[in-house]
Amino acid sequence: MAFNHRGFRVTVDMAPDATGTQWHCEATIEGIEERTRQAHIPGVDVTFPKLKMDVLMAMSIVERNAVTSIDDWYSAQPSADRPPRELH
């Protein structure tokens with residue numbers, strides 16, 4: 001699954017591990033607009049036990065962590081370069 005947030009594209013991949021007991025979740029974050037293309041934001045890489053977490057809940061956590069990383073990046077930028085916040 002992929003979505004855009006504040007000039008970045010977040011791509012989330014999810015698959016069971018080799019033993020089938022855990023979900024491996026990975027989100028990559030890449031800048032897609034001129035002001036964000038040079039930014040480097042680390043992706044999110046998490047593993048959840050299948051017995052304790054539903055796949056949709058795990059995906060939601062990974063997505064939220066990616067959005068938080070993007071928002072933190074924007075907070076660290078000089079205010080002159082900061083675009084208006086998008087409301088969701």
# chains A, B, ... in the order shown; residues from 1 in each chain; ligands from 1
>>> select_by_dssp(residues="chain A", states="strand (DSSP E)", output="list in words")
Ala2, Phe3, Asn4, His5, Phe8, Arg9, Val10, Thr11, Val12, Asp13, Met14, Ala15, Pro16, Gln22, Trp23, His24, Cys25, Glu26, Ala27, Thr28, Ile29, Glu30, Gly31, Val44, Asp45, Val46, Thr47, Phe48 and Pro49 of chain A
>>> closest_atom_pairs(of="region 7-41 of chain A", to="region 64-73 of chain A", cutoff="8 Å", atoms="only C-alpha atoms", output="tab-separated table")
residue	atom	partner	partner_atom	distance
A:Phe8	CA	A:Ile70	CA	7.7
A:Val10	CA	A:Ala66	CA	7.1
A:Ala27	CA	A:Ala66	CA	6.9
A:Ile29	CA	A:Ala66	CA	7.3
A:Ile41	CA	A:Ser69	CA	7.1
>>> select_by_dssp(residues="chain A", states="helix (DSSP H, G or I)", output="ChimeraX atom specification")
/A:55-76,79-81
>>> residues_around(residues="region 16-18 of chain A", least_positions_apart="2", cutoff="10 Å", atoms="only C-alpha atoms", output="ChimeraX atom specification")
/A:14,20-25,47-50,55
